[in-house]
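Q: My structure file final_5.txt, compact mmCIF, C-alpha atoms, is below:
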```txt
# COMPACT_ATOMS: atom_id res chain seq x y z
CA MET A 1 3.34 20.07 18.22
CA TYR A 2 5.27 16.84 18.33
CA ASN A 3 8.84 16.21 17.28
CA SER A 4 9.21 12.69 15.91
CA ALA A 5 13.01 12.89 15.55
CA ILE A 6 14.88 10.10 17.29
CA LYS A 7 16.53 11.24 20.51
CA LEU A 8 18.15 8.15 22.00
CA LYS A 9 20.48 9.50 24.69
CA ARG A 10 23.27 7.48 26.23
CA TYR A 11 22.65 6.71 29.87
CA SER A 12 25.57 6.83 32.33
CA SER A 13 28.23 6.80 29.59
CA MET A 14 26.13 4.26 27.72
CA PHE A 15 26.48 0.83 29.29
CA ASN A 16 27.64 1.64 32.84
CA LYS A 17 25.41 0.19 35.50
CA ALA A 18 22.96 2.60 37.12
CA LYS A 19 23.14 3.08 40.87
CA LYS A 20 20.30 1.47 42.74
CA ALA A 21 17.74 4.03 43.85
CA PRO A 22 16.94 3.63 47.58
CA ASP A 23 13.19 4.01 46.99
CA ARG A 24 12.06 3.01 43.54
CA PRO A 25 8.48 3.64 42.39
CA PHE A 26 5.89 0.86 42.15
CA CYS A 27 6.54 -0.88 38.83
CA SER A 28 3.95 -2.69 36.72
CA ALA A 29 5.07 -5.01 33.91
CA VAL A 30 2.95 -5.36 30.78
CA ILE A 31 3.75 -8.61 28.97
CA VAL A 32 2.63 -8.33 25.35
CA ALA A 33 1.74 -11.78 24.04
CA GLY A 34 -0.63 -11.08 21.18
CA GLY A 35 1.46 -11.77 18.08
CA SER A 36 0.33 -14.00 15.24
CA SER A 37 3.54 -16.13 15.14
CA SER A 38 3.23 -16.19 11.34
CA ARG A 39 6.99 -16.49 10.74
CA MET A 40 7.34 -19.26 13.32
CA GLY A 41 4.72 -21.50 11.74
CA GLU A 42 3.12 -22.31 15.11
CA ASP A 43 2.11 -20.52 18.29
CA LYS A 44 5.56 -19.63 19.61
CA LEU A 45 4.33 -18.72 23.10
CA ALA A 46 2.91 -22.22 23.57
CA MET A 47 6.12 -23.89 22.37
CA GLU A 48 8.14 -25.78 24.96
CA LEU A 49 11.53 -24.27 25.74
CA GLY A 50 13.69 -25.89 28.37
CA GLY A 51 10.85 -27.84 29.93
CA MET A 52 8.23 -25.09 30.03
CA THR A 53 6.27 -23.00 27.57
CA VAL A 54 7.72 -19.74 26.30
CA ILE A 55 5.01 -17.64 27.99
CA GLU A 56 5.54 -19.41 31.31
CA ARG A 57 9.28 -18.82 31.17
CA THR A 58 8.73 -15.11 30.50
CA LEU A 59 6.21 -14.73 33.30
CA ARG A 60 8.46 -16.52 35.76
CA VAL A 61 11.33 -14.06 35.25
CA PHE A 62 9.12 -11.08 36.13
CA GLN A 63 7.60 -13.00 39.03
CA ALA A 64 11.10 -13.50 40.43
CA SER A 65 12.29 -9.94 39.81
CA ALA A 66 12.52 -7.64 42.83
CA TYR A 67 11.93 -4.76 40.41
CA CYS A 68 8.45 -5.85 39.33
CA ASP A 69 5.42 -5.42 41.59
CA GLU A 70 2.59 -6.59 39.36
CA ILE A 71 2.09 -8.17 35.94
CA VAL A 72 -0.54 -7.50 33.28
CA ALA A 73 -0.56 -9.96 30.38
CA VAL A 74 -1.98 -8.97 26.98
CA THR A 75 -2.98 -11.66 24.49
CA ARG A 76 -5.58 -12.68 21.92
CA SER A 77 -9.07 -13.10 23.36
CA GLU A 78 -9.15 -16.86 22.74
CA LYS A 79 -5.83 -17.30 24.58
CA ILE A 80 -6.87 -15.56 27.81
CA PRO A 81 -7.99 -18.71 29.69
CA GLU A 82 -4.82 -20.56 28.64
CA VAL A 83 -2.45 -17.78 29.72
CA ALA A 84 -4.29 -17.34 33.01
CA ALA A 85 -4.11 -21.09 33.70
CA ILE A 86 -0.38 -21.24 32.88
CA ALA A 87 0.31 -18.34 35.25
CA ARG A 88 -1.77 -19.90 38.03
CA GLU A 89 -0.09 -23.30 37.72
CA ALA A 90 3.35 -21.64 37.63
CA GLY A 91 2.66 -19.72 40.84
CA VAL A 92 2.77 -16.30 39.19
CA THR A 93 1.13 -14.44 42.07
CA LYS A 94 2.00 -11.00 40.70
CA LEU A 95 -0.40 -11.43 37.78
CA LYS A 96 -3.12 -8.77 38.09
CA CYS A 97 -5.07 -9.69 34.97
CA VAL A 98 -4.97 -11.03 31.41
CA VAL A 99 -6.57 -8.74 28.83
CA THR A 100 -7.31 -8.73 25.12
CA GLY A 101 -4.84 -6.93 22.89
CA GLY A 102 -5.51 -4.72 19.90
CA ASP A 103 -4.90 -4.88 16.17
CA THR A 104 -1.44 -3.29 16.45
CA ARG A 105 1.50 -3.40 18.84
CA MET A 106 0.64 0.09 20.08
CA ALA A 107 -2.99 -0.84 20.70
CA SER A 108 -1.94 -3.97 22.62
CA SER A 109 0.55 -2.04 24.74
CA ARG A 110 -2.13 0.56 25.48
CA ALA A 111 -4.62 -2.12 26.48
CA GLY A 112 -2.15 -3.48 29.01
CA VAL A 113 -1.04 -0.09 30.31
CA ARG A 114 -4.65 0.91 30.94
CA GLU A 115 -5.01 -2.07 33.30
CA CYS A 116 -1.95 -1.20 35.40
CA SER A 117 -2.62 -0.11 38.95
CA ALA A 118 -3.07 3.58 39.67
CA ALA A 119 -0.22 3.20 42.15
CA ALA A 120 2.25 2.45 39.35
CA GLY A 121 4.93 5.09 39.01
CA LEU A 122 6.76 3.07 36.36
CA ILE A 123 5.47 0.74 33.65
CA ALA A 124 7.69 -1.81 31.92
CA ILE A 125 6.55 -3.23 28.58
CA HIS A 126 8.08 -6.53 27.52
CA ASP A 127 7.72 -8.86 24.53
CA ALA A 128 6.50 -12.24 25.76
CA ALA A 129 8.61 -13.73 22.95
CA ARG A 130 11.80 -12.69 24.79
CA PRO A 131 11.77 -15.48 27.41
CA LEU A 132 15.51 -15.35 28.12
CA VAL A 133 15.49 -11.87 29.61
CA THR A 134 17.31 -11.81 32.95
CA GLU A 135 16.52 -10.21 36.28
CA GLU A 136 19.67 -8.12 35.83
CA ILE A 137 18.42 -6.59 32.58
CA ILE A 138 15.06 -5.84 34.19
CA SER A 139 16.71 -4.14 37.15
CA ARG A 140 18.97 -2.01 34.94
CA ALA A 141 16.04 -0.72 32.89
CA VAL A 142 13.82 -0.05 35.90
CA ARG A 143 16.52 1.79 37.82
CA ALA A 144 17.41 3.93 34.81
CA ALA A 145 13.75 4.78 34.15
CA ALA A 146 13.25 5.69 37.81
CA GLU A 147 16.03 8.24 37.44
CA ARG A 148 15.53 9.40 33.86
CA GLY A 149 11.89 8.74 32.95
CA ALA A 150 12.38 6.32 30.03
CA ALA A 151 14.94 3.55 29.50
CA ALA A 152 15.43 0.45 27.39
CA PRO A 153 18.07 -2.26 26.98
CA ALA A 154 20.01 -2.29 23.73
CA ILE A 155 23.05 -3.89 22.14
CA HIS A 156 25.52 -2.54 19.61
CA VAL A 157 25.11 -3.47 15.96
CA LYS A 158 28.09 -5.67 15.04
CA ASP A 159 27.77 -5.87 11.27
CA THR A 160 28.27 -3.15 8.69
CA VAL A 161 24.91 -1.54 7.89
CA ARG A 162 24.16 0.15 4.58
CA GLN A 163 21.08 1.99 3.48
CA ALA A 164 19.84 0.95 0.04
CA ARG A 165 16.91 1.57 -2.27
CA GLY A 166 15.95 -0.54 -5.26
CA GLY A 167 19.01 -2.71 -4.74
CA ARG A 168 21.39 0.26 -4.94
CA VAL A 169 23.49 1.25 -1.92
CA LEU A 170 22.91 4.84 -0.89
CA ARG A 171 25.24 5.17 2.10
CA THR A 172 27.00 3.35 4.90
CA LEU A 173 25.59 4.07 8.35
CA GLU A 174 27.89 4.78 11.29
CA ARG A 175 27.97 1.49 13.16
CA ASP A 176 29.09 2.99 16.48
CA GLU A 177 25.85 4.96 16.62
CA LEU A 178 23.51 2.06 15.82
CA PHE A 179 21.84 -0.14 18.43
CA LEU A 180 19.39 -3.02 18.42
CA MET A 181 16.55 -2.28 20.81
CA GLN A 182 15.28 -4.88 23.25
CA THR A 183 12.70 -5.10 26.02
CA PRO A 184 11.63 -4.49 28.74
CA GLN A 185 11.27 -0.83 27.87
CA VAL A 186 10.43 1.07 31.04
CA PHE A 187 8.74 4.45 31.35
CA ARG A 188 7.31 6.87 33.84
CA ALA A 189 3.66 5.83 33.98
CA ASP A 190 2.15 9.17 32.98
CA LEU A 191 4.56 9.47 30.05
CA ILE A 192 3.80 6.09 28.48
CA ARG A 193 0.06 6.49 28.99
CA ALA A 194 0.07 9.82 27.15
CA ALA A 195 2.41 8.53 24.44
CA LEU A 196 0.36 5.43 23.65
CA ASP A 197 -2.88 7.43 23.61
CA GLU A 198 -1.27 9.72 21.03
CA ALA A 199 0.11 6.86 18.92
CA VAL A 200 -3.24 5.10 18.81
CA LYS A 201 -5.09 8.35 18.05
CA LEU A 202 -2.77 9.00 15.11
CA ARG A 203 -3.12 5.35 13.98
CA LEU A 204 0.61 4.95 13.81
CA SER A 205 2.25 1.59 13.19
CA LEU A 206 5.27 1.74 15.50
CA THR A 207 7.55 -1.20 16.18
CA ASP A 208 8.33 -0.47 19.81
CA ASP A 209 7.12 1.64 22.70
CA CYS A 210 10.14 3.96 22.75
CA ALA A 211 8.96 5.26 19.38
CA ALA A 212 5.69 6.27 21.03
CA VAL A 213 7.29 8.36 23.77
CA MET A 214 9.47 10.06 21.14
CA LEU A 215 6.24 11.49 19.72
CA LEU A 216 6.16 13.62 22.87
CA ASP A 217 9.80 14.63 22.35
CA ALA A 218 10.81 12.59 25.40
CA GLU A 219 14.34 11.29 25.71
CA VAL A 220 15.01 7.55 25.96
CA PHE A 221 18.13 6.33 27.73
CA LEU A 222 19.88 3.08 26.87
CA VAL A 223 21.11 0.46 29.31
CA GLU A 224 23.09 -2.68 28.59
CA GLY A 225 21.09 -5.44 26.98
CA SER A 226 22.31 -8.89 26.00
CA GLU A 227 22.61 -10.97 22.86
CA GLU A 228 20.93 -13.71 24.88
CA ASN A 229 17.82 -11.55 25.29
CA LEU A 230 16.72 -12.58 21.81
CA LYS A 231 13.22 -12.41 20.40
CA LEU A 232 11.79 -15.69 19.13
CA THR A 233 10.63 -14.98 15.59
CA THR A 234 11.76 -17.89 13.40
CA PRO A 235 12.71 -21.55 14.08
CA ALA A 236 16.39 -20.55 13.98
CA ASP A 237 15.81 -18.35 17.03
CA VAL A 238 14.44 -21.34 18.93
CA TYR A 239 17.60 -23.35 18.22
CA ALA A 240 19.68 -20.44 19.52
CA ALA A 241 17.52 -20.15 22.65
CA GLU A 242 17.88 -23.85 23.38
CA ALA A 243 21.67 -23.52 23.11
CA ILE A 244 21.62 -20.57 25.52
CA LEU A 245 19.54 -22.51 28.04
CA GLU A 246 21.91 -25.45 27.76
CA LYS A 247 24.84 -23.13 28.46
CA ARG A 248 22.98 -21.73 31.48
CA GLY A 249 22.26 -25.25 32.71
CA GLU A 250 18.51 -24.74 32.34
CA ALA A 251 17.83 -27.06 29.40
```
What's the structure tokens form of this structure?

A:
Amino acid sequence: MYNSAIKLKRYSSMFNKAKKAPDRPFCSAVIVAGGSSSRMGEDKLAMELGGMTVIERTLRVFQASAYCDEIVAVTRSEKIPEVAAIAREAGVTKLKCVVTGGDTRMASSRAGVRECSAAAGLIAIHDAARPLVTEEIISRAVRAAAERGAAAPAIHVKDTVRQARGGRVLRTLERDELFLMQTPQVFRADLIRAALDEAVKLRLSLTDDCAAVMLLDAEVFLVEGSEENLKLTTPADVYAAEAILEKRGEA
């Protein structure tokens, strides 16, 4: 019934900017903030980055974006009061609610999507641990999804990539066809709801939400991401983020 083959299509000759739709659908943003931070050694979302916590910085970008109408935050149950307080003190008026996530990324995304307003025509899902996302990246993804149904920012792989097994190289992968996926990943609301329901029902462990919509044989279109839109996973990522903020004049 479902074709799980990857079908990442290039949007507008890959990284060309999409034209702004005159009337975009209502867009809800689900901010997934339920990770364990095991590789960081401390709660990365509570870490200070450029004078504010990581989660606050992420929420502020979506608050400021003209392409986001409401925010749903997903986190661990014990962190709900903290996240809600941070959003309130930061003036994040778009926050609809803070909900408990699940045991997997798919379950957490689904928990957030289920809380999005019925009016939402588009739903953007973003890793809270990508606090340096820009309003421009958000707008690109939302505009592309409004036109095509599913879109995500991505950047080209720069290094040579080889597939190996047991320490033995099997083949060299074609670098021009490889991309590093980022967030926010934006989808037509009915599509992502159905896709996440299916992923959770099948108990799949998928690393991003594009993989879920591919279960329904839906096409995902890529828009230009940025090397600065990094995900904070290890202490080295924090050093890089601090350097980026300093370059932006936000440190």

Q: Which residue gives the smallest distance to Lys231 (chain A) among A:Met47, A:Leu245, A:Ala90, A:Ala128, with only C-alpha atoms counted?

A: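 The shortest atom-to-atom distance to Lys231 (chain A) comes from A:Ala128.
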
Q: Nearest to Ile71 (chain A) among A:Ser109, A:Ser117, A:Ser28, A:Thr234, with distances taken over all atoms listed in the file: which residue is it?

A: A:Ser28

Q: For region 109-128 of chain A, take all atoms listed in the file, fit an axis-aligned box around them, add 8 Å to each of the six sides, then output centre and edge lengths in Å rounded to one decimal, as AutoDock Vina command-line options.

A:
```
--center_x 1.5 --center_y -3.6 --center_z 33.3 --size_x 29.1 --size_y 33.3 --size_z 33.6
```

Q: Tell me which of A:Val133, A:Asp159, A:Ala212, A:Val30 sits closest to Asp197 (chain A), counting only C-alpha atoms.

A: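 Of all the options, A:Ala212 lies closest to Asp197 (chain A).
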
Q: Give me, as JSON, numbers by chain, all polymer residues having an atom no more than 8 Å from Thr183 (chain A), counting all atoms listed in the file and skipping those fewer than 5 positions away in the same chain.

A: {"A": [125, 126, 127, 130, 152, 153]}

Q: Using Å and a single decimal, report how far CA of Arg193 (chain A) sits from CA of Arg114 (chain A).

A: 7.6 Å

Q: Would you mind reading off the distance between CA of Tyr239 (chain A) and CA of Leu45 (chain A), one decimal, in Å?

A: 14.9 Å

Q: Between A:Arg88, A:His156, A:Lys79, A:Arg165, which residue has the minimum interatomic distance to Gly101 (chain A), considering all atoms listed in the file?

A: A:Lys79

Q: Calculate how many Å separate CA of Ala73 (chain A) from CA of Val61 (chain A), rounding to one decimal.

A: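 Computing the Euclidean distance for CA of Ala73 (chain A) and CA of Val61 (chain A) yields 13.5 Å.
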
Q: Taking all atoms listed in the file into account, which of A:Ala66, A:Cys210, A:Val54, A:Ala150 comes nearest Met181 (chain A)?

A: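 Nearest candidate to Met181 (chain A) out of A:Ala66, A:Cys210, A:Val54, A:Ala150: A:Cys210.
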
Q: Would you mind telling me which residue in A:Val113, A:Ala144, A:Ile80, A:Leu230 lies nearest to Val99 (chain A) when using all atoms listed in the file?

A: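 Between A:Val113, A:Ala144, A:Ile80, A:Leu230, the residue approaching Val99 (chain A) most closely is A:Ile80.
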
Q: Show me, as a ChimeraX atom specification, the residues that have an atom within 9 Å of Cys68 (chain A) when counting only C-alpha atoms, minus same-chain residues fewer than 5 positions from it.

A: /A:26-29,62-63,94,124,138-139,142

Q: List every protein, DNA or RNA residue that has at least one atom no more than 6 Å from (-4.1, -3.8, 25.4) in the file's coordinates, counting only C-alpha atoms, and write the result as an MDAnalysis selection string.

A: chainID A and resid 74 100:102 107:112

Q: List as a PyMOL selection string the protein and nucleic acid residues near Asp176 (chain A), meaning an atom at most 12 Å away when all atoms listed in the file are counted, but skip any in the same chain fewer than 5 places from it.

A: chain A and resi 14+155-161

Q: Please provide as a list of chain:residue names all residues within 9 Å of Asp190 (chain A), with the sequence filter that same-chain residues fewer than 4 positions apart are discarded (counting all atoms listed in the file).

A: A:Gly121, A:Leu122, A:Ala194, A:Ala195
